[in-house]
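One file, run-v9.cif, carrying mmCIF, C-alpha atoms:
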data_final
loop_
_atom_site.label_atom_id
_atom_site.label_comp_id
_atom_site.auth_asym_id
_atom_site.auth_seq_id
_atom_site.Cartn_x
_atom_site.Cartn_y
_atom_site.Cartn_z
CA MET A 9 5.68 -48.58 17.94
CA THR A 10 8.61 -49.78 15.89
CA GLU A 11 12.10 -50.37 17.19
CA LEU A 12 13.00 -46.79 16.29
CA PRO A 13 14.17 -44.86 19.32
CA VAL A 14 11.65 -42.24 20.37
CA THR A 15 13.52 -38.97 20.39
CA ASP A 16 10.59 -36.58 20.21
CA SER A 17 7.50 -37.70 22.06
CA SER A 18 5.33 -35.00 20.50
CA ARG A 19 5.92 -36.37 17.00
CA PRO A 20 3.52 -39.08 15.83
CA ALA A 21 5.11 -42.43 15.11
CA PRO A 22 5.40 -42.79 11.34
CA VAL A 23 3.00 -45.35 9.92
CA ALA A 24 5.63 -46.60 7.50
CA PRO A 25 9.29 -45.56 7.64
CA ARG A 26 9.32 -44.79 3.93
CA PRO A 27 5.99 -44.16 2.28
CA SER A 28 5.67 -45.45 -1.25
CA ILE A 29 6.12 -43.11 -4.16
CA TRP A 30 2.47 -43.72 -4.91
CA ALA A 31 1.45 -42.29 -1.51
CA MET A 32 3.41 -39.11 -2.07
CA TYR A 33 2.11 -38.78 -5.59
CA ARG A 34 -1.45 -39.42 -4.47
CA ALA A 35 -1.23 -36.81 -1.72
CA MET A 36 0.21 -34.08 -3.93
CA VAL A 37 -2.10 -34.70 -6.89
CA GLY A 38 -5.15 -35.13 -4.67
CA ILE A 39 -4.49 -31.89 -2.81
CA GLY A 40 -3.74 -30.13 -6.07
CA LEU A 41 -7.02 -31.24 -7.59
CA GLY A 42 -9.01 -30.23 -4.52
CA CYS A 43 -7.30 -26.85 -4.31
CA GLY A 44 -7.79 -26.18 -8.01
CA LEU A 45 -11.46 -26.97 -7.77
CA ALA A 46 -11.90 -24.72 -4.72
CA ILE A 47 -10.16 -21.78 -6.37
CA VAL A 48 -12.12 -22.07 -9.61
CA THR A 49 -15.42 -22.33 -7.72
CA VAL A 50 -14.76 -19.23 -5.63
CA PHE A 51 -13.51 -17.36 -8.69
CA GLU A 52 -16.70 -18.18 -10.60
CA LEU A 53 -18.93 -17.23 -7.67
CA THR A 54 -17.26 -13.90 -6.99
CA LYS A 55 -16.68 -12.89 -10.62
CA PRO A 56 -20.01 -11.06 -11.18
CA ILE A 57 -19.77 -9.28 -7.81
CA ILE A 58 -16.21 -8.17 -8.46
CA ALA A 59 -17.15 -6.98 -11.96
CA ARG A 60 -19.97 -4.90 -10.47
CA ASN A 61 -17.65 -3.44 -7.82
CA ARG A 62 -15.12 -2.56 -10.50
CA ALA A 63 -17.75 -0.84 -12.65
CA GLU A 64 -18.91 1.21 -9.66
CA ALA A 65 -15.35 2.13 -8.75
CA LEU A 66 -14.70 3.14 -12.36
CA ARG A 67 -17.77 5.40 -12.40
CA ALA A 68 -16.65 7.07 -9.19
CA ALA A 69 -13.14 7.47 -10.60
CA ILE A 70 -14.44 9.04 -13.84
CA PHE A 71 -16.21 11.76 -11.87
CA ARG A 72 -13.12 12.21 -9.69
CA VAL A 73 -10.82 12.92 -12.65
CA LEU A 74 -13.42 15.05 -14.42
CA GLU A 75 -14.87 17.20 -11.68
CA GLY A 76 -18.47 18.27 -12.08
CA GLY A 77 -19.40 15.25 -14.16
CA GLN A 78 -22.98 14.06 -13.87
CA THR A 79 -23.23 11.34 -16.51
CA SER A 80 -20.70 9.27 -18.37
CA GLN A 81 -20.70 7.26 -21.55
CA ALA A 82 -18.20 4.69 -22.74
CA PHE A 83 -16.88 4.87 -26.30
CA VAL A 84 -14.86 2.37 -28.22
CA GLN A 85 -12.66 3.26 -31.16
CA GLN A 86 -13.70 1.75 -34.48
CA PRO A 87 -11.24 0.45 -37.09
CA ASP A 88 -11.80 3.63 -39.15
CA GLY A 89 -10.71 5.79 -36.21
CA SER A 90 -14.11 7.12 -35.21
CA PHE A 91 -15.63 6.52 -31.79
CA ALA A 92 -18.87 4.64 -31.20
CA VAL A 93 -21.00 4.35 -28.07
CA ALA A 94 -20.15 1.16 -26.20
CA ASP A 95 -20.98 -0.75 -23.09
CA GLN A 96 -18.91 0.27 -20.07
CA ALA A 97 -17.45 -3.21 -19.80
CA ALA A 98 -16.80 -3.54 -23.53
CA ALA A 99 -13.59 -5.15 -24.62
CA GLY A 100 -10.90 -3.29 -26.50
CA ASP A 101 -9.85 0.34 -26.35
CA VAL A 102 -12.54 2.02 -24.30
CA VAL A 103 -12.57 5.64 -23.18
CA HIS A 104 -15.21 7.33 -21.05
CA ALA A 105 -16.71 10.71 -21.87
CA ALA A 106 -18.14 12.69 -18.94
CA TYR A 107 -20.85 15.32 -19.28
CA ASP A 108 -22.09 17.98 -16.89
CA GLY A 109 -25.73 18.49 -15.88
CA ASP A 110 -26.57 20.22 -19.21
CA GLY A 111 -25.10 17.41 -21.31
CA ARG A 112 -22.03 19.45 -22.23
CA LEU A 113 -18.83 17.45 -22.78
CA LEU A 114 -16.46 17.99 -19.84
CA GLY A 115 -13.71 15.70 -20.95
CA ILE A 116 -12.63 12.18 -21.63
CA ALA A 117 -11.46 9.78 -18.94
CA ILE A 118 -8.79 7.40 -20.20
CA GLU A 119 -7.35 4.36 -18.53
CA ALA A 120 -3.61 3.82 -18.74
CA ALA A 121 -1.26 1.23 -17.32
CA GLY A 122 2.47 0.88 -16.97
CA MET A 123 5.06 -0.98 -15.00
CA GLY A 124 5.74 0.53 -11.61
CA TYR A 125 8.25 -0.50 -8.98
CA GLN A 126 6.41 -3.60 -7.79
CA ASP A 127 3.77 -4.39 -10.34
CA VAL A 128 1.65 -2.80 -13.04
CA ILE A 129 0.11 0.51 -12.02
CA ARG A 130 -3.33 1.24 -13.50
CA VAL A 131 -4.49 4.83 -13.53
CA LEU A 132 -7.38 6.85 -14.90
CA TYR A 133 -6.83 10.41 -16.09
CA GLY A 134 -9.15 13.08 -17.37
CA TYR A 135 -8.36 14.84 -20.64
CA SER A 136 -10.06 18.16 -21.31
CA PRO A 137 -10.21 19.02 -25.04
CA GLU A 138 -11.19 22.58 -24.10
CA ARG A 139 -8.02 23.17 -22.09
CA ASP A 140 -5.73 20.85 -24.09
CA ALA A 141 -4.55 19.37 -20.83
CA ILE A 142 -4.83 16.51 -18.41
CA VAL A 143 -7.05 17.89 -15.66
CA GLY A 144 -7.44 14.99 -13.25
CA PHE A 145 -5.69 11.82 -12.21
CA SER A 146 -6.54 8.85 -10.03
CA VAL A 147 -4.77 5.58 -9.32
CA LEU A 148 -7.05 2.60 -9.94
CA GLU A 149 -4.68 -0.14 -8.91
CA SER A 150 -1.16 -0.17 -7.55
CA LYS A 151 0.99 -2.35 -5.37
CA GLU A 152 3.69 0.25 -4.80
CA THR A 153 5.61 0.18 -1.52
CA PRO A 154 3.43 1.38 1.35
CA GLY A 155 4.75 4.63 2.75
CA LEU A 156 7.01 5.34 -0.25
CA GLY A 157 5.81 4.42 -3.72
CA ASP A 158 2.17 4.67 -2.76
CA LYS A 159 2.63 8.43 -2.31
CA ILE A 160 1.69 8.66 -6.01
CA GLU A 161 -1.87 8.38 -4.71
CA THR A 162 -1.67 10.82 -1.82
CA ASP A 163 1.19 13.32 -2.18
CA PRO A 164 -0.52 16.71 -2.71
CA GLY A 165 2.49 18.19 -4.52
CA PHE A 166 2.56 15.28 -6.96
CA LEU A 167 -1.19 15.30 -7.55
CA ALA A 168 -1.01 19.04 -8.28
CA ASN A 169 0.87 18.08 -11.49
CA PHE A 170 -2.35 16.76 -12.92
CA GLU A 171 -4.56 19.78 -12.31
CA ALA A 172 -3.32 21.11 -15.65
CA LEU A 173 -0.70 19.00 -17.41
CA ASP A 174 -0.22 20.41 -20.88
CA THR A 175 -0.96 18.01 -23.74
CA THR A 176 -1.19 20.44 -26.65
CA LEU A 177 -0.73 18.73 -30.01
CA ASN A 178 1.89 19.67 -32.58
CA PRO A 179 0.78 21.64 -35.68
CA ASP A 180 0.23 18.41 -37.63
CA GLY A 181 -1.98 17.09 -34.86
CA ASP A 182 -0.39 13.65 -34.92
CA THR A 183 1.45 13.70 -31.59
CA LEU A 184 2.08 15.82 -28.50
CA ARG A 185 3.96 19.10 -29.05
CA ASN A 186 5.93 18.43 -25.89
CA ALA A 187 6.28 14.92 -24.53
CA ILE A 188 5.29 14.57 -20.88
CA VAL A 189 8.58 14.23 -19.05
CA PHE A 190 9.64 13.45 -15.51
CA ARG A 191 11.56 15.99 -13.42
CA LYS A 192 13.04 15.54 -9.96
CA GLN A 193 11.05 17.06 -7.14
CA GLY A 194 11.10 20.85 -7.32
CA GLU A 195 12.62 21.02 -10.81
CA LYS A 196 9.40 21.34 -12.80
CA GLN A 197 9.49 24.41 -15.04
CA ASN A 198 7.04 23.78 -17.87
CA PRO A 199 3.39 22.77 -17.77
CA TRP A 200 4.13 19.47 -19.54
CA GLU A 201 6.62 18.31 -16.93
CA VAL A 202 5.80 16.02 -14.01
CA ASP A 203 7.30 17.02 -10.68
CA GLY A 204 8.47 13.77 -9.04
CA ILE A 205 8.41 12.61 -5.44
CA THR A 206 11.65 12.16 -3.49
CA GLY A 207 11.59 8.62 -2.10
CA ALA A 208 9.20 7.47 -4.79
CA THR A 209 11.30 8.29 -7.82
CA ILE A 210 10.65 5.04 -9.68
CA SER A 211 6.91 5.11 -9.04
CA SER A 212 6.45 8.77 -9.97
CA HIS A 213 8.71 8.33 -13.01
CA ALA A 214 6.53 5.40 -14.07
CA ILE A 215 3.43 7.60 -13.88
CA ALA A 216 5.02 10.25 -16.11
CA ASP A 217 6.05 7.61 -18.64
CA LEU A 218 2.73 5.84 -18.76
CA LEU A 219 0.83 9.14 -19.09
CA ASN A 220 3.13 10.21 -21.90
CA ALA A 221 2.65 6.94 -23.78
CA SER A 222 -1.11 6.97 -23.29
CA ALA A 223 -1.63 10.67 -24.06
CA ALA A 224 0.54 10.45 -27.19
CA HIS A 225 -1.67 7.59 -28.34
CA TRP A 226 -5.09 8.92 -27.40
CA VAL A 227 -5.04 12.71 -27.60
CA PRO A 228 -4.43 12.91 -31.40
CA ARG A 229 -7.10 10.25 -31.99
CA ILE A 230 -9.64 11.98 -29.76
CA GLU A 231 -8.96 15.42 -31.23
CA ALA A 232 -9.42 14.05 -34.76
CA HIS A 233 -12.89 12.75 -33.88
CA LEU A 234 -13.94 15.12 -31.12
CA SER A 235 -17.42 15.58 -32.58
CA ASP A 236 -18.19 11.90 -31.88
CA PHE A 237 -18.25 12.65 -28.17
CA GLU A 238 -20.28 15.85 -28.10
CA GLN A 239 -23.88 16.29 -27.01
CA ARG A 240 -24.82 12.73 -26.33
CA ASN A 241 -27.45 13.35 -23.71
CA MET B 11 -4.65 -39.27 19.39
CA PRO B 12 -0.99 -39.38 18.53
CA THR B 13 -0.04 -36.92 21.22
CA ALA B 14 -1.31 -37.07 24.74
CA ARG B 15 -1.97 -33.53 25.79
CA ASP B 16 -3.41 -32.65 29.10
CA ARG B 17 -4.64 -29.24 28.01
CA SER B 18 -8.36 -28.68 28.34
CA PRO B 19 -10.21 -27.42 25.24
CA THR B 20 -10.60 -24.01 26.85
CA ASP B 21 -6.86 -23.76 27.44
CA GLU B 22 -6.24 -24.80 23.84
CA PHE B 23 -8.29 -21.81 22.73
CA VAL B 24 -7.10 -19.28 25.30
CA LYS B 25 -3.36 -19.94 24.96
CA GLY B 26 -3.16 -18.10 21.62
CA LEU B 27 -4.95 -15.06 22.93
CA TRP B 28 -2.47 -14.23 25.65
CA LYS B 29 0.10 -16.71 26.96
CA GLU B 30 1.33 -17.74 23.49
CA ASN B 31 0.13 -14.68 21.59
CA PRO B 32 1.55 -15.08 18.05
CA VAL B 33 2.79 -11.51 17.75
CA PHE B 34 3.66 -10.40 21.27
CA VAL B 35 5.04 -13.69 22.61
CA GLN B 36 6.00 -15.90 19.66
CA VAL B 37 6.91 -12.90 17.45
CA LEU B 38 5.54 -14.61 14.33
CA GLY B 39 3.96 -13.06 11.26
CA MET B 40 5.88 -9.81 11.58
CA CYS B 41 5.59 -8.83 7.91
CA PRO B 42 1.83 -8.14 7.96
CA ALA B 43 1.93 -7.10 11.62
CA LEU B 44 4.30 -4.26 10.84
CA ALA B 45 3.21 -3.40 7.33
CA VAL B 46 -0.57 -3.40 7.44
CA SER B 47 -1.09 -2.03 10.94
CA ASN B 48 -1.04 1.64 9.92
CA THR B 49 -4.74 2.12 10.63
CA ALA B 50 -7.12 0.30 12.94
CA LEU B 51 -9.36 -0.77 10.06
CA ASN B 52 -6.52 -2.15 7.93
CA ALA B 53 -5.15 -4.02 10.93
CA LEU B 54 -8.51 -5.52 11.78
CA SER B 55 -9.18 -6.58 8.16
CA MET B 56 -5.73 -8.11 7.80
CA GLY B 57 -6.17 -9.92 11.11
CA LEU B 58 -9.54 -11.33 10.09
CA ALA B 59 -8.23 -12.44 6.68
CA THR B 60 -5.36 -14.22 8.42
CA LEU B 61 -7.74 -15.76 10.96
CA PHE B 62 -9.85 -17.17 8.13
CA VAL B 63 -6.85 -18.65 6.31
CA LEU B 64 -5.43 -20.06 9.54
CA LEU B 65 -8.72 -21.66 10.53
CA MET B 66 -9.37 -23.23 7.13
CA SER B 67 -5.82 -24.48 6.62
CA ASN B 68 -5.73 -25.94 10.14
CA ILE B 69 -8.98 -27.80 9.47
CA VAL B 70 -7.78 -29.19 6.14
CA VAL B 71 -4.26 -30.04 7.32
CA SER B 72 -5.64 -31.75 10.41
CA SER B 73 -8.20 -33.78 8.48
CA LEU B 74 -5.57 -34.86 5.91
CA ARG B 75 -2.83 -35.54 8.46
CA ARG B 76 -2.86 -39.33 7.89
CA PHE B 77 -3.02 -38.91 4.10
CA ILE B 78 0.02 -36.63 3.68
CA PRO B 79 3.43 -38.36 3.85
CA ARG B 80 6.03 -36.42 5.81
CA GLN B 81 8.28 -36.07 2.77
CA VAL B 82 5.79 -33.90 0.90
CA ARG B 83 4.14 -32.21 3.87
CA ILE B 84 5.58 -28.70 3.42
CA ALA B 85 4.66 -28.61 -0.26
CA SER B 86 1.17 -29.85 0.61
CA TYR B 87 0.67 -27.30 3.40
CA ILE B 88 1.84 -24.44 1.20
CA LEU B 89 -0.57 -25.55 -1.53
CA ILE B 90 -3.47 -25.67 0.93
CA ILE B 91 -2.57 -22.30 2.47
CA ALA B 92 -2.09 -20.67 -0.94
CA THR B 93 -5.52 -21.90 -1.99
CA PHE B 94 -7.24 -20.25 0.95
CA VAL B 95 -5.26 -17.06 0.46
CA THR B 96 -6.43 -16.91 -3.15
CA ILE B 97 -9.99 -17.48 -1.98
CA VAL B 98 -9.66 -14.69 0.61
CA ASP B 99 -8.25 -12.43 -2.09
CA TYR B 100 -11.36 -12.90 -4.26
CA LEU B 101 -13.70 -12.59 -1.28
CA ILE B 102 -12.16 -9.27 -0.22
CA GLN B 103 -12.43 -7.98 -3.78
CA ALA B 104 -16.09 -8.94 -3.71
CA ILE B 105 -16.64 -7.27 -0.33
CA SER B 106 -14.82 -4.01 -0.98
CA LEU B 107 -12.39 -2.95 -3.66
CA ASP B 108 -11.18 -0.08 -1.47
CA LEU B 109 -10.23 -2.51 1.26
CA HIS B 110 -8.48 -4.68 -1.30
CA LYS B 111 -6.56 -1.62 -2.45
CA ALA B 112 -5.59 -0.72 1.12
CA LEU B 113 -4.33 -4.21 1.95
CA GLY B 114 -2.67 -4.39 -1.45
CA ALA B 115 0.19 -6.81 -1.84
CA PHE B 116 -0.10 -8.04 1.73
CA ILE B 117 -3.07 -10.29 1.07
CA SER B 118 -0.98 -12.54 -1.16
CA LEU B 119 1.78 -12.41 1.42
CA ILE B 120 -0.47 -14.22 3.92
CA VAL B 121 0.85 -17.34 2.14
CA VAL B 122 4.24 -16.84 3.70
CA ASN B 123 2.98 -15.78 7.11
CA CYS B 124 5.00 -18.11 9.30
CA LEU B 125 2.19 -18.15 11.86
CA ILE B 126 -0.01 -20.17 9.48
CA LEU B 127 2.63 -22.61 8.28
CA GLY B 128 3.87 -22.84 11.87
CA ARG B 129 0.47 -23.87 13.23
CA ALA B 130 -0.03 -26.36 10.38
CA GLU B 131 3.33 -27.97 11.04
CA ALA B 132 3.48 -27.75 14.81
CA PHE B 133 -0.15 -28.35 15.71
CA ALA B 134 -2.70 -29.29 13.04
CA SER B 135 -0.56 -32.09 11.58
CA LYS B 136 -0.53 -33.85 14.96
CA ASN B 137 -3.92 -33.11 16.49
CA THR B 138 -7.60 -33.77 15.94
CA ILE B 139 -9.77 -31.46 13.87
CA GLY B 140 -11.58 -30.18 16.95
CA ARG B 141 -8.39 -29.20 18.74
CA SER B 142 -6.98 -27.70 15.55
CA ILE B 143 -10.06 -25.51 15.19
CA LEU B 144 -9.68 -24.29 18.77
CA ASP B 145 -5.98 -23.69 18.22
CA ALA B 146 -6.62 -21.74 15.00
CA LEU B 147 -9.38 -19.65 16.57
CA GLY B 148 -7.23 -18.82 19.59
CA MET B 149 -4.09 -18.05 17.61
CA GLY B 150 -6.05 -16.19 14.93
CA MET B 151 -7.88 -14.04 17.44
CA GLY B 152 -4.63 -13.42 19.28
CA PHE B 153 -3.22 -12.21 15.95
CA VAL B 154 -6.26 -9.99 15.33
CA PHE B 155 -5.92 -8.59 18.85
CA ALA B 156 -2.21 -7.88 18.40
CA LEU B 157 -2.67 -6.24 15.00
CA PHE B 158 -5.50 -4.17 16.39
CA CYS B 159 -3.29 -3.01 19.31
CA LEU B 160 -0.64 -1.91 16.81
CA GLY B 161 -3.07 -0.38 14.33
CA ALA B 162 -5.06 1.57 16.90
CA VAL B 163 -1.96 3.17 18.46
CA ARG B 164 -0.43 3.98 15.09
CA GLU B 165 -3.61 5.50 13.70
CA VAL B 166 -4.33 7.59 16.80
CA PHE B 167 -0.85 9.14 16.84
CA GLY B 168 -0.03 9.01 13.14
CA ALA B 169 -3.29 10.29 11.71
CA GLY B 170 -5.06 11.69 14.76
CA SER B 171 -8.06 9.48 14.12
CA PHE B 172 -9.59 6.16 15.13
CA PHE B 173 -11.42 4.10 12.49
CA GLY B 174 -11.32 7.27 10.39
CA LEU B 175 -13.01 9.41 13.06
CA ARG B 176 -11.04 12.53 13.94
CA LEU B 177 -10.04 12.56 17.61
CA PHE B 178 -8.12 15.76 18.09
CA PRO B 179 -8.87 19.44 17.34
CA ASP B 180 -7.44 20.99 14.19
CA GLY B 181 -4.25 22.14 15.91
CA PHE B 182 -3.03 18.54 16.31
CA GLN B 183 0.06 17.82 14.24
CA ALA B 184 -0.02 14.13 13.36
CA TRP B 185 3.17 12.16 14.00
CA VAL B 186 3.55 10.95 10.43
CA ILE B 187 6.39 8.64 11.45
CA MET B 188 3.89 6.41 13.24
CA ILE B 189 2.22 5.57 9.92
CA LEU B 190 5.55 4.96 8.21
CA PRO B 191 7.29 1.59 8.61
CA SER B 192 9.54 2.81 11.43
CA GLY B 193 6.45 3.71 13.46
CA GLY B 194 5.45 0.06 13.26
CA PHE B 195 8.72 -0.96 14.89
CA PHE B 196 8.39 1.67 17.63
CA THR B 197 4.84 0.62 18.43
CA LEU B 198 5.71 -3.07 18.37
CA ALA B 199 8.64 -2.45 20.72
CA ALA B 200 6.41 -0.55 23.12
CA TRP B 201 3.85 -3.36 23.20
CA LEU B 202 6.53 -6.04 23.61
CA LEU B 203 7.93 -4.05 26.50
CA LEU B 204 4.53 -3.89 28.15
CA PHE B 205 3.94 -7.61 27.64
CA SER B 206 7.26 -8.74 29.06
CA TRP B 207 6.86 -6.34 31.99
CA LEU B 208 3.47 -7.88 32.77
CA LYS B 209 4.94 -11.37 32.42
CA ASN B 210 7.88 -10.64 34.69
CA ARG B 211 5.66 -9.03 37.28
CA LYS B 212 3.38 -12.07 37.28
CA ALA B 213 6.35 -14.43 37.61
CA ALA B 214 7.74 -12.36 40.47
CA ARG B 215 4.41 -12.41 42.28
CA ALA B 216 4.05 -16.17 41.78
CA ALA B 217 7.52 -16.71 43.16
CA ALA B 218 6.83 -14.44 46.10
CA ALA B 219 3.63 -16.32 46.84
CA ALA B 220 5.38 -19.70 46.67
CA GLN B 221 8.16 -18.61 49.01
CA PRO B 222 6.66 -16.09 51.38
CA ALA B 223 9.64 -16.23 53.74
CA GLY B 224 12.50 -16.23 51.23
CA GLY B 225 13.80 -13.12 49.59
CA LEU B 226 15.09 -15.04 46.61
CA ARG B 227 13.07 -15.38 43.46
#
Can I see the file as C-alpha cells?
Amino acid sequence: MTELPVTDSSRPAPVAPRPSIWAMYRAMVGIGLGCGLAIVTVFELTKPIIARNRAEALRAAIFRVLEGGQTSQAFVQQPDGSFAVADQAAAGDVVHAAYDGDGRLLGIAIEAAGMGYQDVIRVLYGYSPERDAIVGFSVLESKETPGLGDKIETDPGFLANFEALDTTLNPDGDTLRNAIVFRKQGEKQNPWEVDGITGATISSHAIADLLNASAAHWVPRIEAHLSDFEQRN
Amino acid sequence: MPTARDRSPTDEFVKGLWKENPVFVQVLGMCPALAVSNTALNALSMGLATLFVLLMSNIVVSSLRRFIPRQVRIASYILIIATFVTIVDYLIQAISLDLHKALGAFISLIVVNCLILGRAEAFASKNTIGRSILDALGMGMGFVFALFCLGAVREVFGAGSFFGLRLFPDGFQAWVIMILPSGGFFTLAAWLLLFSWLKNRKAARAAAAAQPAGGLR
C-alpha cells in the first residue's frame, strides 16, 4: 500500500499511480486484436449456416408472396435485357419466378430495399404478369420501431394493399401508367395507391416509395422478356 | 484477492437471482427488459443472449483485470462487450433467422445494457475469474427470470397465448396495450410492487422476531 489515503476499501490499490503510455497502448491494441480475431472467426464459422438459413427463408417468402407456388427458379438479367436461369444465391439483379404444380408461371418475386425510419427495409413482393399487379408482399428484414413501424409486417389493412396493387404499364411499355403513391390511412381511392398506417407513417410511406422505385424498374423489363420465364419445368 | 469478501460462493451466485435481481431490485437494463418482453419466447431469448454476453465479458474482464490500466478501462470493457454482442448476433442468425427478426435492433443494443458494463466495472474488474463467473451466472439468470416474468404476463394478457399456444377460447379480446410499450411499463410496475411488498413484509417479520416485546419496527 502506498501513502495514498484509502478512501474506498473495495477498490484495488493501483499498481502504479500513473501507468505508462505503453501500458495503455498495449491494453487497447491487445484487446482490439483479440476482439477482431474472435469476431472474424465466428463470422467465418457461421457464414455458411446463415447463408443456408437465408436461402430457406427466401424460398418460404417466395411462396408466401406468390400463393400456390410449388417450385421456384432464380433468373438474372443479362446485359442485353433478357433473363437467364441463375443460381438462387447469384450476384447481381436476381428475380425469382414461381410456378404452380403444372409448371405454369404464377408470377415473379422481386426483392426491393429502401430506407425506412430506423434502417434499410428489405421486402419481397410478388408481381403477377397475368393481373398486371403486385399480388403479395412480405418484409424480409426491418428494424422499424416495435409496436409502431413494425406494423408494416402485421397490420391487416396495410397488407390488404398488396393483394392487388395495380402496376399496369403505360402504352409505350417503358414505365408504370400510374406511379405507386402513398395515401394517408383511409384515403386510398385508386388501385395503385398505398393506404398508410397511422402511427407508422414514415415506415408505410417508405414501403410505397420503395415498391414504386422497384416496380418502375422491373415491371417494364419483365414484360419485355416475359417469354424467358415461361414453362421452365 | 484485492477485496476481502466474506460472501460464500453460493451467495455470490444466488444474490443476482433474488436479493440483488438486476431488473426488479437494481432496475438495470430497462431498455431490453421493456422492449423485448412482449412475448415469453422473445423475453427468454433476449435474456439468454444477455446472459451469454454477461458471462463471457465477466470472464474476459476478470482475467485481464491486471492488464487493463484504469484510464482506458471503460473503452476496453466496451470493446470486449461489443465483441461478444457481435458474436451473439451471428450465432442467433445461425440458429434462427425468425428469432433474429423478432429481437431485431435489440441484439445490438445489448452493448449498452448497463447491467453488463455495470458488472464488469463493479465486480469482474476487482474479483477472481471464479467469482466473476458465479456473479455473471447469478445476475444473468436473474435477468432471464425477470424478463420471463414480464414476457409471460404480457403475452398471456396481450395475445391470449403462452409460448404461442392459445390459452383462452375465441371470445377472448386480447389487451393489445400489454404488447405495446406502455404495457411493458404497467407490467414492470406491477412486478416491482410485488417485489417491494415481499421485501417489506420480510423486513417487518425480521424486526418483529428480533423484538418480540416491542411494538416498534
Local residues around (-7.9, -24.4, 22.7), at most 8 Å away, using only C-alpha atoms, as a list of chain:residue names:
B:Arg17, B:Ser18, B:Pro19, B:Thr20, B:Asp21, B:Glu22, B:Phe23, B:Val24, B:Lys25, B:Gly26, B:Arg141, B:Ser142, B:Ile143, B:Leu144, B:Asp145, B:Leu147, B:Gly148
Deliver the residues from the most recent selection as a file, using C-alpha atoms, as a CSV table (one decimal), keeping the file's coordinate frame.
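Below you can see part_21.csv, which holds the result:
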chain,number,residue,atom,x,y,z
B,17,ARG,CA,-4.6,-29.2,28.0
B,18,SER,CA,-8.4,-28.7,28.3
B,19,PRO,CA,-10.2,-27.4,25.2
B,20,THR,CA,-10.6,-24.0,26.8
B,21,ASP,CA,-6.9,-23.8,27.4
B,22,GLU,CA,-6.2,-24.8,23.8
B,23,PHE,CA,-8.3,-21.8,22.7
B,24,VAL,CA,-7.1,-19.3,25.3
B,25,LYS,CA,-3.4,-19.9,25.0
B,26,GLY,CA,-3.2,-18.1,21.6
B,141,ARG,CA,-8.4,-29.2,18.7
B,142,SER,CA,-7.0,-27.7,15.6
B,143,ILE,CA,-10.1,-25.5,15.2
B,144,LEU,CA,-9.7,-24.3,18.8
B,145,ASP,CA,-6.0,-23.7,18.2
B,147,LEU,CA,-9.4,-19.6,16.6
B,148,GLY,CA,-7.2,-18.8,19.6
Around the point (2.8, 7.8, 14.7), in the coordinates given by the file, pick out the residues reaching within 8 Å, counting all atoms listed in the file, and return them as a list in words.
Val163, Arg164, Glu165, Val166, Phe167, Gly168, Ala169, Ala184, Trp185, Val186, Ile187, Met188, Ile189, Leu190 and Gly193 of chain B
Return as a PyMOL selection string the set of residues that the PyMOL selection byres ((chain A and resi 61) around 9) yields on the displayed structure.
(chain A and resi 56-60+62-66) or (chain B and resi 103-107)
With all atoms listed in the file considered, list every residue of chain A at most 7 Å from chain B, as an mmCIF file with C-alpha atoms, in the coordinates of the input.
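Saved result, selection-v4.cif, follows:
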data_model
loop_
_atom_site.group_PDB
_atom_site.id
_atom_site.type_symbol
_atom_site.label_atom_id
_atom_site.label_comp_id
_atom_site.auth_asym_id
_atom_site.auth_seq_id
_atom_site.Cartn_x
_atom_site.Cartn_y
_atom_site.Cartn_z
ATOM 1 C CA SER A 18 5.330 -35.000 20.500
ATOM 2 C CA PRO A 20 3.520 -39.080 15.830
ATOM 3 C CA PRO A 27 5.990 -44.160 2.280
ATOM 4 C CA ALA A 31 1.450 -42.290 -1.510
ATOM 5 C CA MET A 32 3.410 -39.110 -2.070
ATOM 6 C CA ALA A 35 -1.230 -36.810 -1.720
ATOM 7 C CA MET A 36 0.210 -34.080 -3.930
ATOM 8 C CA ILE A 39 -4.490 -31.890 -2.810
ATOM 9 C CA CYS A 43 -7.300 -26.850 -4.310
ATOM 10 C CA ILE A 47 -10.160 -21.780 -6.370
ATOM 11 C CA VAL A 50 -14.760 -19.230 -5.630
ATOM 12 C CA PHE A 51 -13.510 -17.360 -8.690
ATOM 13 C CA THR A 54 -17.260 -13.900 -6.990
ATOM 14 C CA ILE A 57 -19.770 -9.280 -7.810
ATOM 15 C CA ILE A 58 -16.210 -8.170 -8.460
ATOM 16 C CA ASN A 61 -17.650 -3.440 -7.820
ATOM 17 C CA GLU A 149 -4.680 -0.140 -8.910
ATOM 18 C CA LYS A 151 0.990 -2.350 -5.370
ATOM 19 C CA GLY A 155 4.750 4.630 2.750
#
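One distance worth recording is that between atom CA of A:Val128 and atom CA of A:Val202, which is 19.3 Å.
One finds atom CA of A:Gly76 at 10.8 Å from atom CA of A:Arg112.
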Check what the PyMOL selection byres ((chain B and resi 125) around 8) selects in the file above and give those residues as a list in words.
Pro32, Leu38, Gly39, Asn123, Cys124, Ile126, Leu127, Gly128 and Arg129 of chain B
Would you mind exporting C-alpha atoms of the selected residues as a JSON list (two decimals), keeping the file's coordinate frame?
[["chain", "number", "residue", "atom", "x", "y", "z"],
["B", 32, "PRO", "CA", 1.55, -15.08, 18.05],
["B", 38, "LEU", "CA", 5.54, -14.61, 14.33],
["B", 39, "GLY", "CA", 3.96, -13.06, 11.26],
["B", 123, "ASN", "CA", 2.98, -15.78, 7.11],
["B", 124, "CYS", "CA", 5.00, -18.11, 9.30],
["B", 126, "ILE", "CA", -0.01, -20.17, 9.48],
["B", 127, "LEU", "CA", 2.63, -22.61, 8.28],
["B", 128, "GLY", "CA", 3.87, -22.84, 11.87],
["B", 129, "ARG", "CA", 0.47, -23.87, 13.23]]
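Comparing the minimum interatomic distances between B:Val154 and each of B:Gly181, B:Gly57, B:Pro42, B:Gly194, counting all atoms listed in the file, we find that B:Gly57 sits nearest.
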Report, in Å with one decimal, the straight-line distance from atom CA of B:Gly152 to atom CA of B:Thr49.
17.8 Å
Distance criterion (all atoms listed in the file): nearest to B:Glu131 out of B:Ala199, B:Leu208, B:Val33, B:Val71
B:Val71
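Residues surrounding stretch 182-187 of chain A within 8 Å are Thr175, Thr176, Leu177, Asn178, Pro179, Trp200, Asn220, Ala223, Ala224, His225, Val227 and Pro228 of chain A [all atoms listed in the file; sequence separation below 3 positions excluded].
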